[in-house]
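Q: My structure is below; once you've seen it, I'll send some questions.
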Amino acid sequence: MKLDSMYQDVILDHYKNPHGRGLRDGDAEVHHVNPTCGDEITLRVRYEGDRIADVSYEGQGCSISQASASVLNELLVGKELAEARRIQETFLELMQSKGQLTPDDAMEDVLEDAVAFAGVSKYPARVKCALLSWMAWKDATAQALDDSAAKERTP
Amino acid sequence: MTHLPGLLDTEAIRKDFPILDRMVHDGKRVVYLDNAATSQKPRQVLDALSGYYERHNANVHRGVHVLAEEATALYEGARDKVAHFVNAPSRDEVIFTKNASESLNLVANMLGWADEPYRVDSDTEVVITEMEHHSNIVPWQLLAQRTGAKLKWFGLTDDGRLDLSNVEEVITEKTKVVSFTLVSNIMGTVNPVEEIVRRAQEVGALVVVDASQAAPHMVLDVQALQADFVAFTGHKMCGPTGIGVLWGRQELLEDLPPFLGGGEMIETVSMHSSTYAPAPHKFEAGTPPVAQAVGLGAAVDYLSAIGMDRIAAHEHALTSYAVERLREVPDLRIIGPTTAEDRGAAISFVLGDIHPHDVGQVLDEQGIAVRVGHHCARPVCLRYGIPATTRASFYLYSTPAEVDALVDGLEYVRNFFG
């Protein structure tokens, strides 16, 4: 059935048992909402140099948005920034594929559990749910790096 | 088949609505329970739209040719029909807008630019309620921010009614305008108009009624309401999108200033200044939505032929049945009145801790169309501590079988996420 392509077991597992949920110390905090449906996330990032030391979050929303945040945590924590950006861009590409893209082995290697969201890309109304935490992470990272760049510039 | 007293002959009515035969998701007939968002359109309205464009299309109020005269007669004829539909004392009190949001923004802006005694300024107060659609919150927030007026509101009781226990503290001598919804779009609550109007009249405040969820479903009599302005939209009452209505009392429409300027709303124009056409044209700048008004006229004819009192009775019977059946669903909590008394045909609920988005998605797979989210009434969700709701809403073509399909669908949702 088509629904199962969206609600993969991996997604429902992450929804029921989220990884890294809860707010911890961070270099920057953002709050993003999905105004059409009311999904919300507060997300913090903490960097040690170029390495992502932590991504912590708190939010409410549908299974897709919450599972996506859990997958993000699992995937990005401990990664170097450049690698994390590659993962984020690959995930974005998959989510914008309108169900036309079948993840190949290379993509699966990059996205791991996140390939389970391939089915969500067939549902235009739900793509934003899946991307919510990833956009929040991107925004928080930009702020954290801006702040650290500003600190370096300050004599 | 469930037979309930008061139901309309939906078998006949549904033949007028081609879309209700639409198959979705591999051969499931669509169960359309999103009528509070927009209604479906009967063949009679679709024919009026295409007939207008095929035979009469021209710009209104200006040409001397036959098409322009016909288009004008059809457009103004629609105004007559709407005036009759809401029992307006005069056809000149019916202003066509693009939707209810524009109607409410129009009132807020008339008052924002008005002279005394209507002027809203920093010594005055504007009163709304916590159950308003965003379209009856944000225009008043904007007005309050721009004028310095204080925005106040009635809160809600735990069972989804307006809390009017402090009516004399909320509506005071400083109150210039009280704007509230007749029927809540999220909870279905029908509000006690008389009590609010009585207090508003005591202090000389204007009363604005958002009738978007009332005009499609019940007899709407602007004189009986004793309001000063009544706003509603066409697309929720079998009409096309792009057409709304603001009814206003004639003397107010004469006194209050225009908001949008342009063609059609003027008497004379020089490079220094202009004088304005009388209402309603004073408030209808630019080429109006002519075909859409004609479509709304056809919708009004359609609804009137069936009878608004009979439509209300049908929906009341169906809502009673739906409330009863939904209360059988484990873990289901209705947000709003839990009986059919003083409530319309929109029912919001939450289902355990399953997010409404997920509920709506799994229902959709079964061909059942509901609305999920905060329904442009986020303060209501905040009030009841929920992120969103699932809302089923009925109309004159809805059937008990569709209620049953919803209840079965919810059982499937529970198992899916169980």
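Letters A, B, ... mark the chains of the structure tokens in the order given; residue numbers begin at 1 per chain; ligand numbers begin at 1, in order shown.
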Taking only C-alpha atoms into account, report as a ChimeraX atom specification which residues of chain B lie within 6 Å of chain A.

A: /B:355,357,373

Q: Can you tell me which residues surround region 46-58 of chain A at a distance of at most 10 Å, considering only C-alpha atoms, apart from same-chain residues fewer than 5 positions away, and format the answer as a ChimeraX atom specification?

A: /A:19-31,40-41,66,69-70,72-74,76-84,133,136-137,140-141,144-145,148

Q: Rounded to one decimal place, report the CA of Ser179 (chain B)-CA of Val127 (chain B) distance in Å.

A: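 Computing the Euclidean distance for CA of Ser179 (chain B) and CA of Val127 (chain B) yields 6.3 Å.
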
Q: Please provide the set of residues having any atom within 10 Å of region 23-38 of chain B, restricted to only C-alpha atoms, with same-chain residues fewer than 3 positions apart removed, written as a PyMOL selection string.

A: (chain A and resi 2) or (chain B and resi 19-20+41+184-186+188+212-213+216+233-241+344-347+363-372+375+391-399+401-403+405-406)

Q: So that I can check the surroundings of region 296-310 of chain B, please list as JSON, numbers by chain every protein, DNA and RNA residue that reaches within 8 Å of it, counting only C-alpha atoms and ignoring chain neighbours fewer than 6 positions away.

A: {"B": [6, 8, 42, 44, 45, 48, 77, 78, 79, 81, 82, 85, 217, 218, 219, 234, 237, 238, 239, 240, 243]}

Q: Hey, can you spit out that residue selection with N, CA and C atoms as a short mmCIF file (atom, residue, chain, number, x, y, z; two decimals), in the first residue's frame?

A:
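Final output, result.cif:
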```
data_model
loop_
_atom_site.label_atom_id
_atom_site.label_comp_id
_atom_site.auth_asym_id
_atom_site.auth_seq_id
_atom_site.Cartn_x
_atom_site.Cartn_y
_atom_site.Cartn_z
N GLY B 6 -35.17 14.55 9.74
CA GLY B 6 -34.67 15.88 9.37
C GLY B 6 -33.67 15.88 8.24
N LEU B 8 -32.07 15.71 4.56
CA LEU B 8 -32.48 16.06 3.20
C LEU B 8 -32.36 14.82 2.31
N PRO B 42 -22.36 23.08 -6.93
CA PRO B 42 -23.34 22.35 -7.74
C PRO B 42 -23.25 22.75 -9.22
N GLN B 44 -25.43 23.87 -11.07
CA GLN B 44 -26.11 25.13 -11.34
C GLN B 44 -25.15 26.33 -11.24
N VAL B 45 -24.21 26.26 -10.29
CA VAL B 45 -23.24 27.34 -10.13
C VAL B 45 -22.19 27.27 -11.24
N ALA B 48 -23.69 28.65 -14.29
CA ALA B 48 -23.81 30.12 -14.25
C ALA B 48 -22.48 30.77 -14.60
N GLY B 77 -27.78 42.06 -10.32
CA GLY B 77 -28.81 41.08 -9.95
C GLY B 77 -28.32 40.16 -8.84
N ALA B 78 -27.04 39.83 -8.89
CA ALA B 78 -26.46 39.00 -7.82
C ALA B 78 -26.52 39.75 -6.49
N ARG B 79 -26.32 41.04 -6.54
CA ARG B 79 -26.40 41.85 -5.31
C ARG B 79 -27.83 41.79 -4.74
N LYS B 81 -29.92 39.36 -5.12
CA LYS B 81 -30.13 38.02 -4.56
C LYS B 81 -29.50 37.89 -3.18
N VAL B 82 -28.27 38.39 -3.04
CA VAL B 82 -27.58 38.29 -1.76
C VAL B 82 -28.31 39.14 -0.71
N PHE B 85 -31.19 37.25 0.43
CA PHE B 85 -30.75 36.06 1.17
C PHE B 85 -30.46 36.39 2.63
N HIS B 217 -24.92 27.72 6.27
CA HIS B 217 -25.53 26.61 7.02
C HIS B 217 -26.86 26.93 7.70
N MET B 218 -27.23 28.18 7.80
CA MET B 218 -28.44 28.51 8.55
C MET B 218 -29.06 29.78 7.98
N VAL B 219 -30.26 30.07 8.43
CA VAL B 219 -30.91 31.31 8.01
C VAL B 219 -30.10 32.46 8.59
N GLY B 234 -18.16 33.61 -0.29
CA GLY B 234 -19.00 32.84 -1.21
C GLY B 234 -18.62 31.37 -1.34
N MET B 237 -20.26 28.52 0.61
CA MET B 237 -21.71 28.36 0.47
C MET B 237 -22.08 28.04 -0.97
N CYS B 238 -21.32 27.12 -1.55
CA CYS B 238 -21.58 26.61 -2.90
C CYS B 238 -21.20 27.58 -4.01
N GLY B 239 -20.68 28.75 -3.65
CA GLY B 239 -20.27 29.71 -4.67
C GLY B 239 -18.82 29.52 -5.04
N PRO B 240 -18.35 30.30 -6.03
CA PRO B 240 -16.95 30.21 -6.43
C PRO B 240 -16.02 30.91 -5.43
N ILE B 243 -15.07 35.68 -4.23
CA ILE B 243 -16.20 36.58 -3.99
C ILE B 243 -16.60 36.49 -2.52
#
```

Q: Give me every strand (DSSP E) residue in region 57-120 of chain A, going by DSSP on the backbone, as a compact mmCIF listing (two decimals) with N, CA, C and O atoms, in the first residue's frame.

A:
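What ended up in part-v7.txt:
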```
# COMPACT_ATOMS: atom_id res chain seq x y z
N TYR A 57 17.32 19.12 20.54
CA TYR A 57 16.06 19.69 20.03
C TYR A 57 14.88 19.31 20.92
O TYR A 57 14.92 18.32 21.66
N GLU A 58 13.86 20.12 20.79
CA GLU A 58 12.59 19.87 21.46
C GLU A 58 11.54 20.31 20.46
O GLU A 58 11.73 21.31 19.78
N GLY A 59 10.46 19.58 20.35
CA GLY A 59 9.47 20.03 19.38
C GLY A 59 8.18 19.27 19.51
O GLY A 59 8.06 18.36 20.33
N GLN A 60 7.23 19.71 18.72
CA GLN A 60 5.99 18.95 18.65
C GLN A 60 5.55 18.93 17.20
O GLN A 60 5.80 19.88 16.45
```

Q: So that I can check the surroundings of Val222 (chain B), please list as an MDAnalysis selection string every protein, DNA and RNA residue that reaches within 7 Å of it, counting only C-alpha atoms and ignoring chain neighbours fewer than 6 positions away.

A: chainID B and resid 86:88

Q: Using Å and a single decimal, report how far CA of Ile128 (chain B) sits from CA of Arg146 (chain B).

A: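 Answer for the CA of Arg146 (chain B) to CA of Ile128 (chain B) separation: 16.9 Å.
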
Q: Mind pulling up the distance from CA of Thr268 (chain B) to CA of Gly63 (chain B)?

A: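 Taking CA of Gly63 (chain B) as the start and CA of Thr268 (chain B) as the end point, the length is 17.7 Å.
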
Q: Find the residues near Val120 (chain A): any atom within 12 Å, counting only C-alpha atoms, skip ones fewer than 2 places away on the same chain, and give them as an NGL selection string.

A: (:A and (2-8 or 11 or 63-65 or 67-68 or 91-92 or 94-101 or 114-118 or 122-131)) or (:B and (361))

Q: Could those selected residues go to a file with N, CA, C and O atoms, as a compact mmCIF listing (two decimals), in the first residue's frame?

A:
```
# COMPACT_ATOMS: atom_id res chain seq x y z
N LYS A 2 0.36 2.29 -0.61
CA LYS A 2 1.14 3.51 -0.80
C LYS A 2 1.56 4.13 0.54
O LYS A 2 2.66 4.66 0.68
N LEU A 3 0.64 4.06 1.51
CA LEU A 3 0.93 4.68 2.81
C LEU A 3 2.20 4.14 3.43
O LEU A 3 2.95 4.87 4.07
N ASP A 4 2.42 2.83 3.25
CA ASP A 4 3.59 2.22 3.86
C ASP A 4 4.88 2.79 3.30
O ASP A 4 5.92 2.73 3.95
N SER A 5 4.81 3.33 2.07
CA SER A 5 6.01 3.93 1.51
C SER A 5 6.39 5.21 2.27
O SER A 5 7.54 5.58 2.33
N MET A 6 5.38 5.86 2.84
CA MET A 6 5.69 7.04 3.65
C MET A 6 6.02 6.65 5.08
O MET A 6 7.01 7.05 5.64
N TYR A 7 5.10 5.87 5.68
CA TYR A 7 5.30 5.51 7.09
C TYR A 7 6.14 4.24 7.20
O TYR A 7 5.65 3.20 7.63
N GLN A 8 7.39 4.33 6.77
CA GLN A 8 8.30 3.20 6.90
C GLN A 8 8.51 2.88 8.39
O GLN A 8 8.47 3.77 9.23
N ILE A 11 10.88 5.06 10.17
CA ILE A 11 10.35 6.37 10.57
C ILE A 11 9.51 6.25 11.83
O ILE A 11 9.68 7.02 12.79
N SER A 63 4.47 12.65 13.03
CA SER A 63 5.50 11.60 13.08
C SER A 63 6.65 11.90 12.11
O SER A 63 7.80 11.66 12.43
N ILE A 64 6.31 12.46 10.95
CA ILE A 64 7.36 12.72 9.96
C ILE A 64 8.34 13.78 10.46
O ILE A 64 9.55 13.61 10.38
N SER A 65 7.81 14.87 11.00
CA SER A 65 8.69 15.96 11.44
C SER A 65 9.53 15.52 12.64
O SER A 65 10.71 15.86 12.73
N ALA A 67 10.31 12.34 13.59
CA ALA A 67 11.25 11.28 13.22
C ALA A 67 12.43 11.86 12.45
O ALA A 67 13.58 11.44 12.62
N SER A 68 12.17 12.86 11.64
CA SER A 68 13.22 13.46 10.85
C SER A 68 14.26 14.13 11.75
O SER A 68 15.47 14.06 11.50
N PHE A 91 19.95 15.01 1.41
CA PHE A 91 18.59 14.81 1.94
C PHE A 91 17.61 15.77 1.27
O PHE A 91 16.50 15.38 0.87
N LEU A 92 18.04 17.01 1.10
CA LEU A 92 17.20 18.01 0.44
C LEU A 92 16.87 17.57 -0.99
O LEU A 92 15.72 17.65 -1.43
N LEU A 94 16.79 14.56 -2.16
CA LEU A 94 15.86 13.43 -2.10
C LEU A 94 14.43 13.93 -1.82
O LEU A 94 13.47 13.51 -2.47
N MET A 95 14.31 14.85 -0.88
CA MET A 95 12.97 15.31 -0.48
C MET A 95 12.31 16.14 -1.57
O MET A 95 11.10 16.24 -1.63
N GLN A 96 13.14 16.77 -2.42
CA GLN A 96 12.56 17.60 -3.49
C GLN A 96 12.34 16.81 -4.76
O GLN A 96 11.98 17.37 -5.79
N SER A 97 12.52 15.49 -4.70
CA SER A 97 12.49 14.68 -5.92
C SER A 97 11.06 14.30 -6.34
O SER A 97 10.87 13.65 -7.36
N LYS A 98 10.05 14.65 -5.56
CA LYS A 98 8.65 14.35 -5.89
C LYS A 98 8.43 12.85 -6.14
O LYS A 98 7.60 12.46 -6.96
N GLY A 99 9.20 12.02 -5.46
CA GLY A 99 9.03 10.57 -5.59
C GLY A 99 9.69 9.99 -6.83
O GLY A 99 9.55 8.81 -7.11
N GLN A 100 10.41 10.83 -7.60
CA GLN A 100 10.99 10.38 -8.87
C GLN A 100 12.36 9.74 -8.67
O GLN A 100 12.89 9.11 -9.58
N LEU A 101 12.93 9.95 -7.48
CA LEU A 101 14.32 9.52 -7.29
C LEU A 101 14.35 8.25 -6.44
O LEU A 101 13.79 8.21 -5.35
N ALA A 114 18.03 7.97 6.85
CA ALA A 114 17.26 9.04 6.21
C ALA A 114 16.73 8.66 4.83
O ALA A 114 15.82 9.33 4.32
N VAL A 115 17.24 7.61 4.23
CA VAL A 115 16.68 7.19 2.92
C VAL A 115 15.23 6.73 3.09
O VAL A 115 14.46 6.72 2.13
N ALA A 116 14.87 6.38 4.31
CA ALA A 116 13.48 5.94 4.55
C ALA A 116 12.48 7.04 4.22
O ALA A 116 11.29 6.76 4.05
N PHE A 117 12.95 8.29 4.14
CA PHE A 117 12.04 9.39 3.85
C PHE A 117 11.76 9.54 2.35
O PHE A 117 11.01 10.44 1.96
N ALA A 118 12.36 8.69 1.53
CA ALA A 118 12.15 8.80 0.08
C ALA A 118 10.67 8.81 -0.26
O ALA A 118 10.20 9.58 -1.09
N LYS A 122 6.84 11.91 -2.14
CA LYS A 122 5.66 11.81 -3.02
C LYS A 122 4.49 12.64 -2.51
O LYS A 122 3.49 12.80 -3.20
N TYR A 123 4.57 13.10 -1.28
CA TYR A 123 3.46 13.82 -0.66
C TYR A 123 3.85 15.28 -0.46
O TYR A 123 4.47 15.63 0.54
N PRO A 124 3.50 16.14 -1.41
CA PRO A 124 3.97 17.53 -1.35
C PRO A 124 3.66 18.21 -0.01
O PRO A 124 4.46 18.99 0.49
N ALA A 125 2.50 17.88 0.57
CA ALA A 125 2.11 18.54 1.82
C ALA A 125 3.01 18.13 2.98
O ALA A 125 3.05 18.80 4.00
N ARG A 126 3.72 17.01 2.83
CA ARG A 126 4.49 16.51 3.97
C ARG A 126 6.00 16.75 3.85
O ARG A 126 6.73 16.48 4.79
N VAL A 127 6.43 17.20 2.68
CA VAL A 127 7.87 17.42 2.49
C VAL A 127 8.40 18.44 3.51
O VAL A 127 9.47 18.27 4.09
N LYS A 128 7.59 19.48 3.74
CA LYS A 128 8.00 20.51 4.71
C LYS A 128 8.17 19.93 6.11
O LYS A 128 8.99 20.40 6.88
N CYS A 129 7.34 18.95 6.44
CA CYS A 129 7.45 18.30 7.76
C CYS A 129 8.81 17.64 7.88
O CYS A 129 9.51 17.77 8.89
N ALA A 130 9.20 16.91 6.82
CA ALA A 130 10.47 16.18 6.85
C ALA A 130 11.65 17.13 6.87
O ALA A 130 12.70 16.82 7.43
N LEU A 131 11.50 18.29 6.25
CA LEU A 131 12.63 19.22 6.13
C LEU A 131 12.76 20.18 7.31
O LEU A 131 13.77 20.86 7.45
N GLN B 361 -3.51 12.07 7.06
CA GLN B 361 -2.85 11.36 5.97
C GLN B 361 -3.42 9.95 5.80
O GLN B 361 -3.69 9.51 4.68
```

Q: Determine which residues of region 41-154 of chain A DSSP labels as alpha helix (DSSP H) from the backbone of this structure, then write them out as a PyMOL selection string.

A: chain A and resi 63-76+81-95+105-111+124-153
